[in-house]
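> Next up, structure-v9.cif (mmCIF, C-alpha atoms and all ligand atoms).
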data_work
#
loop_
_atom_site.label_atom_id
_atom_site.label_comp_id
_atom_site.auth_asym_id
_atom_site.auth_seq_id
_atom_site.Cartn_x
_atom_site.Cartn_y
_atom_site.Cartn_z
CA MET J 25 322.66 -79.27 -28.47
CA PRO J 26 321.52 -75.75 -29.40
CA GLU J 27 324.09 -73.11 -28.65
CA ARG J 28 323.39 -70.88 -25.65
CA ALA J 29 322.80 -67.21 -26.31
CA PRO J 30 325.82 -65.09 -25.38
CA ALA J 31 325.68 -63.60 -21.87
CA ILE J 32 325.04 -59.90 -21.56
CA ASP J 33 326.65 -57.84 -18.85
CA ARG J 34 323.47 -56.33 -17.51
CA PRO J 35 320.15 -57.90 -16.60
CA ALA J 36 317.30 -57.78 -19.03
CA GLY J 37 315.45 -54.52 -18.70
CA GLN J 38 316.37 -51.11 -19.85
CA ASP J 39 319.49 -49.02 -19.81
CA CYS J 40 318.86 -46.14 -17.40
CA LEU J 41 321.40 -43.92 -19.23
CA ALA J 42 323.56 -43.59 -16.10
CA ASN J 43 326.78 -43.14 -18.11
CA GLU J 44 325.15 -40.55 -20.34
CA LEU J 45 323.85 -38.67 -17.29
CA GLU J 46 327.27 -38.69 -15.70
CA ALA J 47 328.70 -37.27 -18.91
CA ALA J 48 325.95 -34.62 -19.05
CA VAL J 49 326.76 -33.50 -15.48
CA SER J 50 330.47 -33.21 -16.37
CA ALA J 51 329.63 -31.29 -19.55
CA TRP J 52 327.43 -28.91 -17.53
CA ASP J 53 330.28 -28.19 -15.14
CA ARG J 54 332.78 -27.78 -17.98
CA ARG J 55 330.51 -25.07 -19.41
CA ARG J 56 330.75 -23.41 -15.97
CA LEU J 57 326.98 -23.22 -15.76
CA PRO J 58 325.61 -22.67 -12.25
CA ARG J 59 323.97 -25.68 -10.67
CA PRO J 60 320.20 -25.25 -10.19
CA SER J 61 318.30 -25.57 -6.90
CA VAL J 62 314.89 -25.93 -8.51
CA VAL J 63 313.84 -27.37 -11.87
CA VAL J 64 310.65 -26.49 -13.70
CA VAL J 65 309.27 -28.59 -16.56
CA THR J 66 306.56 -26.84 -18.54
CA GLY J 67 303.98 -28.64 -20.61
CA SER J 68 301.93 -27.99 -23.74
CA GLY J 69 301.24 -24.35 -24.40
CA PHE J 70 302.73 -23.03 -21.15
CA ASP J 71 304.69 -19.89 -21.86
CA LEU J 72 306.22 -19.25 -18.48
CA HIS J 73 308.00 -15.98 -17.68
CA LEU J 74 309.89 -15.98 -14.44
CA GLY J 75 310.47 -12.33 -13.60
CA ASN J 76 313.84 -11.06 -14.81
CA GLN J 77 314.35 -14.02 -17.03
CA ALA J 78 317.84 -14.89 -18.11
CA PRO J 79 318.09 -14.03 -21.81
CA LYS J 80 320.02 -17.13 -22.79
CA ARG J 81 318.08 -20.13 -24.03
CA TRP J 82 319.61 -23.31 -25.34
CA GLN J 83 318.22 -26.03 -27.55
CA LEU J 84 317.42 -29.14 -25.55
CA GLU J 85 318.94 -31.30 -28.27
CA SER J 86 322.44 -30.20 -27.26
CA LEU J 87 321.88 -31.69 -23.80
CA LEU J 88 320.48 -35.05 -24.86
CA PRO J 89 322.54 -38.13 -25.75
CA PHE J 90 319.80 -39.42 -28.04
CA ALA J 91 317.87 -38.01 -30.97
CA SER J 92 314.84 -36.00 -29.92
CA HIS J 93 311.98 -34.49 -31.83
CA SER J 94 309.30 -32.13 -30.70
CA ILE J 95 305.63 -32.10 -31.42
CA GLU J 96 303.85 -28.94 -32.39
CA GLY J 97 303.67 -26.38 -29.61
CA HIS J 98 306.41 -27.96 -27.55
CA ALA J 99 309.46 -25.72 -27.87
CA LEU J 100 312.27 -27.92 -26.65
CA THR J 101 314.59 -25.45 -25.01
CA TYR J 102 316.04 -24.87 -21.58
CA GLU J 103 317.33 -21.91 -19.67
CA LEU J 104 318.62 -20.80 -16.30
CA ALA J 105 316.62 -18.12 -14.52
CA PRO J 106 318.32 -16.48 -11.54
CA THR J 107 315.89 -15.84 -8.68
CA GLU J 108 316.44 -13.89 -5.48
CA ALA J 109 314.99 -16.47 -3.12
CA LEU J 110 316.27 -19.67 -4.70
CA GLY J 111 319.29 -18.95 -6.81
CA GLU J 112 319.29 -20.57 -10.23
CA VAL J 113 316.08 -22.12 -11.47
CA LEU J 114 316.46 -24.46 -14.44
CA VAL J 115 313.48 -24.29 -16.79
CA PHE J 116 312.81 -26.94 -19.41
CA ARG J 117 310.31 -25.69 -21.98
CA GLY J 118 308.58 -28.69 -23.40
CA ARG J 119 309.22 -32.31 -22.61
CA LEU J 120 309.59 -35.73 -24.19
CA HIS J 121 306.60 -38.04 -23.94
CA ALA J 122 306.39 -41.81 -23.98
CA TYR J 123 303.68 -41.55 -26.65
CA GLN J 124 306.27 -40.02 -28.98
CA GLY J 125 308.18 -43.27 -28.73
CA PHE J 126 310.69 -42.25 -26.07
CA ARG J 127 311.62 -44.88 -23.50
CA PRO J 128 311.08 -44.03 -19.81
CA PRO J 129 314.80 -43.26 -19.15
CA GLU J 130 314.66 -40.81 -22.06
CA VAL J 131 311.40 -39.27 -20.86
CA VAL J 132 312.94 -38.58 -17.43
CA PHE J 133 316.46 -37.70 -18.61
CA CYS J 134 316.12 -33.95 -17.96
CA VAL J 135 314.57 -34.39 -14.52
CA ARG J 136 317.33 -36.82 -13.55
CA LEU J 137 319.98 -34.48 -14.87
CA ALA J 138 318.58 -31.63 -12.76
CA GLY J 139 318.43 -33.88 -9.70
CA LEU J 140 322.00 -35.10 -10.20
CA LEU J 141 323.08 -31.47 -10.59
CA GLY J 142 321.65 -30.83 -7.13
CA ALA J 143 318.13 -29.53 -7.73
CA HIS J 144 316.08 -30.37 -4.63
CA THR J 145 312.66 -29.44 -6.01
CA LEU J 146 310.77 -30.33 -9.20
CA ILE J 147 307.86 -28.24 -10.42
CA VAL J 148 305.94 -29.79 -13.32
CA THR J 149 303.15 -28.24 -15.30
CA ASN J 150 300.94 -30.03 -17.77
CA ALA J 151 297.80 -29.80 -19.85
CA ALA J 152 295.08 -32.12 -18.61
CA GLY J 153 291.53 -33.16 -19.25
CA GLY J 154 289.21 -32.39 -16.33
CA ILE J 155 287.24 -35.40 -15.07
CA TYR J 156 285.44 -33.66 -12.19
CA PRO J 157 281.82 -32.65 -12.88
CA ASP J 158 282.15 -28.89 -13.41
CA ALA J 159 285.52 -28.91 -15.23
CA ARG J 160 286.04 -25.86 -17.44
CA PRO J 161 288.84 -25.08 -19.91
CA GLY J 162 291.28 -22.78 -18.13
CA ASP J 163 290.82 -24.25 -14.62
CA LEU J 164 294.07 -24.55 -12.71
CA ALA J 165 294.52 -27.52 -10.40
CA MET J 166 297.45 -28.55 -8.29
CA ILE J 167 298.08 -32.27 -8.27
CA SER J 168 297.48 -33.89 -4.89
CA ASP J 169 298.44 -37.41 -5.97
CA GLN J 170 298.85 -39.51 -9.11
CA ILE J 171 297.75 -42.80 -10.62
CA ASN J 172 300.26 -44.20 -13.11
CA LEU J 173 298.32 -46.07 -15.78
CA THR J 174 301.01 -45.81 -18.46
CA GLY J 175 302.23 -49.34 -17.77
CA LEU J 176 305.73 -47.85 -17.66
CA ASN J 177 308.15 -47.08 -14.85
CA PRO J 178 311.49 -45.26 -15.13
CA LEU J 179 312.92 -47.30 -12.23
CA ARG J 180 312.65 -50.61 -14.07
CA GLY J 181 316.00 -52.32 -14.53
CA ARG J 182 319.21 -51.85 -12.60
CA LEU J 183 319.92 -48.30 -11.43
CA PRO J 184 322.97 -46.89 -9.65
CA PRO J 185 322.35 -47.48 -5.92
CA ASP J 186 323.43 -43.93 -5.05
CA TRP J 187 320.50 -42.52 -7.04
CA GLY J 188 318.00 -43.74 -4.48
CA PRO J 189 316.22 -46.76 -3.02
CA GLN J 190 315.09 -49.53 -5.35
CA PHE J 191 311.56 -49.35 -3.94
CA PRO J 192 311.01 -45.67 -3.19
CA ASP J 193 308.10 -44.56 -1.06
CA MET J 194 305.44 -42.68 -3.03
CA GLU J 195 303.13 -41.76 -0.16
CA ALA J 196 303.67 -38.00 -0.28
CA ALA J 197 304.79 -37.87 -3.90
CA TYR J 198 303.43 -34.34 -4.24
CA ASP J 199 304.93 -32.42 -1.33
CA PRO J 200 302.33 -31.19 1.20
CA GLY J 201 304.48 -28.15 2.12
CA LEU J 202 304.67 -27.05 -1.52
CA ARG J 203 300.94 -27.52 -1.91
CA ARG J 204 300.33 -25.34 1.14
CA CYS J 205 302.64 -22.75 -0.36
CA ALA J 206 300.66 -22.86 -3.66
CA ARG J 207 297.35 -22.54 -1.85
CA GLU J 208 298.60 -19.47 0.01
CA ALA J 209 300.03 -17.88 -3.13
CA ALA J 210 296.79 -18.54 -5.04
CA ALA J 211 294.69 -17.00 -2.26
CA ALA J 212 296.91 -13.91 -2.06
CA LEU J 213 296.79 -13.47 -5.85
CA GLU J 214 293.07 -14.33 -6.05
CA VAL J 215 293.83 -17.03 -8.60
CA PRO J 216 291.27 -19.85 -8.28
CA LEU J 217 293.13 -23.09 -7.67
CA ARG J 218 291.65 -26.57 -7.44
CA SER J 219 293.34 -29.70 -6.24
CA GLY J 220 292.98 -33.19 -7.67
CA VAL J 221 294.34 -36.64 -8.44
CA TYR J 222 296.07 -36.90 -11.84
CA VAL J 223 295.89 -40.11 -13.81
CA GLY J 224 298.75 -40.50 -16.27
CA VAL J 225 298.00 -42.46 -19.44
CA LEU J 226 300.28 -43.39 -22.32
CA GLY J 227 298.29 -41.77 -25.13
CA PRO J 228 298.47 -40.47 -27.77
CA SER J 229 294.82 -41.27 -28.49
CA PHE J 230 292.46 -39.39 -26.23
CA GLU J 231 290.30 -41.49 -23.94
CA THR J 232 287.00 -43.16 -24.64
CA PRO J 233 284.01 -42.18 -22.50
CA ALA J 234 284.21 -45.62 -20.86
CA GLU J 235 287.84 -45.02 -19.93
CA ILE J 236 287.05 -41.63 -18.43
CA GLU J 237 284.19 -43.13 -16.43
CA ALA J 238 286.56 -45.83 -15.19
CA PHE J 239 289.18 -43.23 -14.18
CA ARG J 240 286.51 -41.21 -12.37
CA ARG J 241 285.50 -44.28 -10.39
CA LEU J 242 289.15 -44.90 -9.58
CA GLY J 243 289.30 -41.47 -7.95
CA ALA J 244 290.95 -39.42 -10.70
CA ASP J 245 290.10 -35.75 -11.27
CA LEU J 246 292.56 -34.99 -14.06
CA VAL J 247 293.90 -37.02 -16.99
CA GLY J 248 297.01 -36.42 -19.07
CA MET J 249 299.87 -38.01 -20.97
CA SER J 250 302.89 -36.80 -19.03
CA THR J 251 304.21 -36.09 -15.52
CA VAL J 252 303.81 -39.43 -13.72
CA LEU J 253 307.15 -40.89 -14.87
CA GLU J 254 308.97 -37.63 -14.13
CA VAL J 255 307.59 -37.53 -10.60
CA ILE J 256 308.55 -41.16 -9.94
CA ALA J 257 312.13 -40.45 -11.11
CA ALA J 258 312.31 -37.26 -9.04
CA ARG J 259 311.03 -38.94 -5.87
CA HIS J 260 313.54 -41.72 -6.41
CA LEU J 261 316.29 -39.06 -6.33
CA GLY J 262 314.76 -37.58 -3.16
CA MET J 263 313.40 -34.44 -4.82
CA ARG J 264 310.27 -32.68 -3.62
CA CYS J 265 307.59 -32.41 -6.29
CA PHE J 266 304.86 -29.95 -7.12
CA GLY J 267 302.49 -30.43 -10.06
CA LEU J 268 300.18 -27.92 -11.68
CA SER J 269 297.60 -28.95 -14.27
CA LEU J 270 295.91 -26.59 -16.63
CA VAL J 271 292.56 -28.06 -17.59
CA THR J 272 292.36 -27.55 -21.33
CA ASN J 273 289.13 -29.47 -21.82
CA PRO J 274 286.54 -31.38 -19.86
CA ALA J 275 287.42 -35.05 -20.48
CA VAL J 276 285.20 -36.89 -22.97
CA GLY J 277 281.94 -38.19 -21.65
CA THR J 278 281.79 -35.65 -18.81
CA GLN J 279 278.75 -33.37 -18.87
CA GLN J 280 280.74 -30.32 -19.94
CA ALA J 281 282.50 -31.96 -22.89
CA GLU J 282 280.94 -30.56 -26.04
CA ALA J 283 283.35 -30.27 -28.95
CA PRO J 284 285.86 -33.01 -29.75
CA ILE J 285 289.28 -32.41 -28.21
CA ASP J 286 292.08 -31.28 -30.48
CA HIS J 287 295.68 -30.33 -29.90
CA GLN J 288 295.23 -26.75 -31.18
CA SER J 289 292.59 -25.87 -28.58
CA VAL J 290 294.82 -27.41 -25.89
CA LEU J 291 297.54 -24.92 -26.91
CA GLU J 292 295.12 -22.00 -27.12
CA VAL J 293 293.80 -22.54 -23.59
CA GLY J 294 297.42 -22.67 -22.45
CA ARG J 295 298.14 -19.29 -23.98
CA LEU J 296 295.11 -17.72 -22.30
CA ALA J 297 296.03 -19.10 -18.89
CA ALA J 298 299.72 -18.16 -19.11
CA PRO J 299 299.50 -14.92 -17.06
CA ARG J 300 297.81 -16.74 -14.14
CA VAL J 301 300.36 -19.55 -14.25
CA ASP J 302 303.21 -17.03 -14.33
CA ARG J 303 301.87 -15.16 -11.32
CA LEU J 304 301.26 -18.31 -9.32
CA LEU J 305 304.60 -19.98 -10.03
CA GLY J 306 306.40 -16.62 -9.71
CA ALA J 307 304.96 -16.21 -6.20
CA MET J 308 305.88 -19.77 -5.28
CA LEU J 309 309.44 -19.29 -6.47
CA ALA J 310 309.72 -16.25 -4.19
CA ASP J 311 308.57 -18.26 -1.15
CA PRO J 312 311.28 -19.29 1.33
CA GLU J 313 309.39 -22.58 1.85
CA LEU J 314 310.92 -23.74 -1.42
CA ARG J 315 314.36 -23.42 0.12
CA ALA J 316 313.65 -26.08 2.73
CA ALA J 317 315.62 -29.31 2.60
CA PRO J 318 314.03 -32.09 0.56
CA THR J 319 312.48 -35.13 2.12
CA ARG J 320 313.94 -38.45 1.01
CA GLY J 321 311.60 -40.72 -0.90
N1 LIG B 401 293.16 -36.49 -22.08
C1 LIG B 401 294.48 -36.77 -22.02
N2 LIG B 401 295.41 -35.84 -22.08
C2 LIG B 401 295.03 -34.57 -22.21
C3 LIG B 401 293.67 -34.21 -22.28
C4 LIG B 401 292.69 -35.23 -22.22
O1 LIG B 401 291.48 -34.99 -22.28
N3 LIG B 401 293.63 -32.85 -22.41
C5 LIG B 401 294.93 -32.42 -22.39
N4 LIG B 401 295.78 -33.45 -22.27
#
Before anything else, please render the file you have as structure tokens.


Amino acid sequence: MPERAPAIDRPAGQDCLANELEAAVSAWDRRRLPRPSVVVVTGSGFDLHLGNQAPKRWQLESLLPFASHSIEGHALTYELAPTEALGEVLVFRGRLHAYQGFRPPEVVFCVRLAGLLGAHTLIVTNAAGGIYPDARPGDLAMISDQINLTGLNPLRGRLPPDWGPQFPDMEAAYDPGLRRCAREAAAALEVPLRSGVYVGVLGPSFETPAEIEAFRRLGADLVGMSTVLEVIAARHLGMRCFGLSLVTNPAVGTQQAEAPIDHQSVLEVGRLAAPRVDRLLGAMLADPELRAAPTRG
């Protein structure tokens, strides 16, 4: 008779890092850091300035229970920015991507930490390819909904029941109230703002023209390699989500796509758009709508 494999004390799947998150929350409190109400995760090339920014920035590494590495242009730091309307806003500059080899619980670690610290709202920004016909580098689009084509999900496995429901609702994943607030802020600031469906892919290779055509037929307007796992984890914790994409290039195969896409031009477009992004998110973070209680996913 072959010997049976030894039993393991958790079902097959992935460790959601619950113990590590609990320890990170305790460590946060031991440092006597204020707990944030809103968390912002900024993507490639975004250099966000939130008004009277807190001067102190910390390396993300010190917060993570696993080894991290950044890719060019992603400064992995975090800071607390005090705001008048919302109290402390926690800003993560740069993120971990699945294409870098991080597992979903690692990709969403910072969002979960913010949620467990009490943040009720997640604002994510990202660089995206524009799939819609007249996409131009520098377009800003808020995300109306997402299609997760990464093949990954941060809720896989066994999660602490007090984090949220096992099968969370994703119908209004991107909060309609926050989108209204963004539309109003954009109109007042005269910042052109589109709206579109974001398809999240694993990467890191860019898409083929056939893939982009398939995504277009599926109803996607924007394509990128981040965000979708973070939003799933945030909704699971009952957080409201707002997503802002900066179109850095028309996706391949679309009429506007001319030069091949490269990471440097993605960063450059980000730098040029930074003042508009700052003004838009700054106005949103001054809006009392963001104080409203979250809706449970
Ligand atoms: N595809 C995927 N991710 C991206 C793109 C793209 O064209 N541009 C910026 N991030």

> Neighbours of ligand LIG 401 (chain B) at 6 Å or closer, counting all atoms listed in the file: which residues, as a ChimeraX atom specification?

/J:151-153,230,247-249,272-273,275

> May I have the residues from that selection written out with C-alpha atoms, as a compact mmCIF listing (two decimals), in the coordinates of the input?


# COMPACT_ATOMS: atom_id res chain seq x y z
CA ALA J 151 297.80 -29.80 -19.85
CA ALA J 152 295.08 -32.12 -18.61
CA GLY J 153 291.53 -33.16 -19.25
CA PHE J 230 292.46 -39.39 -26.23
CA VAL J 247 293.90 -37.02 -16.99
CA GLY J 248 297.01 -36.42 -19.07
CA MET J 249 299.87 -38.01 -20.97
CA THR J 272 292.36 -27.55 -21.33
CA ASN J 273 289.13 -29.47 -21.82
CA ALA J 275 287.42 -35.05 -20.48

> Counting only C-alpha atoms, which residues in region 220-239 of chain J sit no more than 7 Å from region 174-198 of chain J? For each one, give the nearest pair of atoms and the distance in Å, sorted by chain then residue number, as a Markdown table.


| residue | atom | partner | partner_atom | distance |
| --- | --- | --- | --- | --- |
| J:Gly224 | CA | J:Thr174 | CA | 6.2 |
| J:Val225 | CA | J:Thr174 | CA | 4.6 |
| J:Leu226 | CA | J:Thr174 | CA | 4.6 |

> If we count all atoms listed in the file and set the cut-off at 12 Å, which residues sit around Cys265 (chain J), ignoring sequence neighbours fewer than 3 positions away in its own chain? Please answer as a PDB file with C-alpha atoms, in the coordinates of the input.


ATOM      1  CA  VAL J  62     314.890 -25.930  -8.510  1.00  0.00           C
ATOM      2  CA  VAL J  63     313.840 -27.370 -11.870  1.00  0.00           C
ATOM      3  CA  VAL J  64     310.650 -26.490 -13.700  1.00  0.00           C
ATOM      4  CA  VAL J  65     309.270 -28.590 -16.560  1.00  0.00           C
ATOM      5  CA  VAL J 135     314.570 -34.390 -14.520  1.00  0.00           C
ATOM      6  CA  GLY J 139     318.430 -33.880  -9.700  1.00  0.00           C
ATOM      7  CA  ALA J 143     318.130 -29.530  -7.730  1.00  0.00           C
ATOM      8  CA  HIS J 144     316.080 -30.370  -4.630  1.00  0.00           C
ATOM      9  CA  THR J 145     312.660 -29.440  -6.010  1.00  0.00           C
ATOM     10  CA  LEU J 146     310.770 -30.330  -9.200  1.00  0.00           C
ATOM     11  CA  ILE J 147     307.860 -28.240 -10.420  1.00  0.00           C
ATOM     12  CA  VAL J 148     305.940 -29.790 -13.320  1.00  0.00           C
ATOM     13  CA  THR J 149     303.150 -28.240 -15.300  1.00  0.00           C
ATOM     14  CA  MET J 166     297.450 -28.550  -8.290  1.00  0.00           C
ATOM     15  CA  ILE J 167     298.080 -32.270  -8.270  1.00  0.00           C
ATOM     16  CA  SER J 168     297.480 -33.890  -4.890  1.00  0.00           C
ATOM     17  CA  ASP J 169     298.440 -37.410  -5.970  1.00  0.00           C
ATOM     18  CA  GLN J 170     298.850 -39.510  -9.110  1.00  0.00           C
ATOM     19  CA  MET J 194     305.440 -42.680  -3.030  1.00  0.00           C
ATOM     20  CA  ALA J 196     303.670 -38.000  -0.280  1.00  0.00           C
ATOM     21  CA  ALA J 197     304.790 -37.870  -3.900  1.00  0.00           C
ATOM     22  CA  TYR J 198     303.430 -34.340  -4.240  1.00  0.00           C
ATOM     23  CA  ASP J 199     304.930 -32.420  -1.330  1.00  0.00           C
ATOM     24  CA  PRO J 200     302.330 -31.190   1.200  1.00  0.00           C
ATOM     25  CA  GLY J 201     304.480 -28.150   2.120  1.00  0.00           C
ATOM     26  CA  LEU J 202     304.670 -27.050  -1.520  1.00  0.00           C
ATOM     27  CA  ARG J 203     300.940 -27.520  -1.910  1.00  0.00           C
ATOM     28  CA  THR J 251     304.210 -36.090 -15.520  1.00  0.00           C
ATOM     29  CA  VAL J 252     303.810 -39.430 -13.720  1.00  0.00           C
ATOM     30  CA  GLU J 254     308.970 -37.630 -14.130  1.00  0.00           C
ATOM     31  CA  VAL J 255     307.590 -37.530 -10.600  1.00  0.00           C
ATOM     32  CA  ILE J 256     308.550 -41.160  -9.940  1.00  0.00           C
ATOM     33  CA  ALA J 257     312.130 -40.450 -11.110  1.00  0.00           C
ATOM     34  CA  ALA J 258     312.310 -37.260  -9.040  1.00  0.00           C
ATOM     35  CA  ARG J 259     311.030 -38.940  -5.870  1.00  0.00           C
ATOM     36  CA  HIS J 260     313.540 -41.720  -6.410  1.00  0.00           C
ATOM     37  CA  LEU J 261     316.290 -39.060  -6.330  1.00  0.00           C
ATOM     38  CA  GLY J 262     314.760 -37.580  -3.160  1.00  0.00           C
ATOM     39  CA  LEU J 268     300.180 -27.920 -11.680  1.00  0.00           C
ATOM     40  CA  LEU J 314     310.920 -23.740  -1.420  1.00  0.00           C
ATOM     41  CA  PRO J 318     314.030 -32.090   0.560  1.00  0.00           C
ATOM     42  CA  THR J 319     312.480 -35.130   2.120  1.00  0.00           C
ATOM     43  CA  ARG J 320     313.940 -38.450   1.010  1.00  0.00           C
ATOM     44  CA  GLY J 321     311.600 -40.720  -0.900  1.00  0.00           C
TER      45      GLY J 321
END

> Please compute the CA of Leu270 (chain J)-CA of Ala310 (chain J) distance, one decimal, in Å.

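One can read the CA of Leu270 (chain J) to CA of Ala310 (chain J) distance as 21.3 Å.
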
> What is the distance between CA of Ala209 (chain J) and CA of Arg264 (chain J), in Å to one decimal?

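So the answer is 18.0 Å.
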
> I want to know what sits within 8 Å of region 107-110 of chain J, based on all atoms listed in the file, with residues of the same chain fewer than 2 positions away left out; could you give that as a PyMOL selection string?

chain J and resi 61-62+105+112-113+309-312+314-315

> Store the residues of this selection in a file with C-alpha atoms, as a tab-separated table (two decimals), in the coordinates of the input.


chain	number	residue	atom	x	y	z
J	61	SER	CA	318.30	-25.57	-6.90
J	62	VAL	CA	314.89	-25.93	-8.51
J	105	ALA	CA	316.62	-18.12	-14.52
J	112	GLU	CA	319.29	-20.57	-10.23
J	113	VAL	CA	316.08	-22.12	-11.47
J	309	LEU	CA	309.44	-19.29	-6.47
J	310	ALA	CA	309.72	-16.25	-4.19
J	311	ASP	CA	308.57	-18.26	-1.15
J	312	PRO	CA	311.28	-19.29	1.33
J	314	LEU	CA	310.92	-23.74	-1.42
J	315	ARG	CA	314.36	-23.42	0.12

> From the list J:Pro106, J:Pro129, J:Gly111, J:Pro58, which residue is nearest Leu41 (chain J) when using all atoms listed in the file?

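Once distances to Leu41 (chain J) are computed over all atoms listed in the file, the minimum belongs to J:Pro129.
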
> Which one is closest to Ile155 (chain J): J:Phe266, J:Val221, J:Leu88, J:Pro60? Count all atoms listed in the file.

J:Val221

> Provide an axis-aligned box for all listed atoms of region 222-227 of chain J, padding each side by 5 Å; report its centre and its edge lengths in Å to one decimal, as lines of an AutoDock Vina configuration file.


center_x = 298.1
center_y = -40.1
center_z = -18.5
size_x = 14.4
size_y = 16.5
size_z = 23.3

> Residues within 10 Å of Leu45 (chain J), please, as JSON, numbers by chain. Count all atoms listed in the file; anything in the same chain fewer than 4 positions from it doesn't count.

{"J": [40, 41, 49, 50, 51, 87, 88, 89, 133, 134, 136, 137, 138, 140, 141]}

> Find the residue from J:Gly162, J:Pro228, J:Gly154, J:Gly125 that sits nearest to Arg240 (chain J); use only C-alpha atoms when measuring.

J:Gly154

> May I ask for the distance between CA of Glu292 (chain J) and CA of Asn150 (chain J), given in Å to one decimal place?

13.6 Å

> As a PDB file with C-alpha atoms, in the coordinates of the input, please: the residues near Glu208 (chain J) (cut-off 12 Å, all atoms listed in the file, same-chain neighbours under 2 positions excluded).


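This went into selection.pdb:
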ATOM      1  CA  GLY J 201     304.480 -28.150   2.120  1.00  0.00           C
ATOM      2  CA  LEU J 202     304.670 -27.050  -1.520  1.00  0.00           C
ATOM      3  CA  ARG J 203     300.940 -27.520  -1.910  1.00  0.00           C
ATOM      4  CA  ARG J 204     300.330 -25.340   1.140  1.00  0.00           C
ATOM      5  CA  CYS J 205     302.640 -22.750  -0.360  1.00  0.00           C
ATOM      6  CA  ALA J 206     300.660 -22.860  -3.660  1.00  0.00           C
ATOM      7  CA  ALA J 210     296.790 -18.540  -5.040  1.00  0.00           C
ATOM      8  CA  ALA J 211     294.690 -17.000  -2.260  1.00  0.00           C
ATOM      9  CA  ALA J 212     296.910 -13.910  -2.060  1.00  0.00           C
ATOM     10  CA  LEU J 213     296.790 -13.470  -5.850  1.00  0.00           C
ATOM     11  CA  GLU J 214     293.070 -14.330  -6.050  1.00  0.00           C
ATOM     12  CA  VAL J 215     293.830 -17.030  -8.600  1.00  0.00           C
ATOM     13  CA  PRO J 216     291.270 -19.850  -8.280  1.00  0.00           C
ATOM     14  CA  LEU J 217     293.130 -23.090  -7.670  1.00  0.00           C
ATOM     15  CA  LEU J 304     301.260 -18.310  -9.320  1.00  0.00           C
ATOM     16  CA  LEU J 305     304.600 -19.980 -10.030  1.00  0.00           C
ATOM     17  CA  ALA J 307     304.960 -16.210  -6.200  1.00  0.00           C
ATOM     18  CA  MET J 308     305.880 -19.770  -5.280  1.00  0.00           C
ATOM     19  CA  ASP J 311     308.570 -18.260  -1.150  1.00  0.00           C
ATOM     20  CA  GLU J 313     309.390 -22.580   1.850  1.00  0.00           C
TER      21      GLU J 313
END

> Neighbouring residues of Ala238 (chain J) were defined as those with any atom within 12 Å, considering all atoms listed in the file; residues of the same chain fewer than 6 positions away were excluded. Please report them as a count of residues only.

11
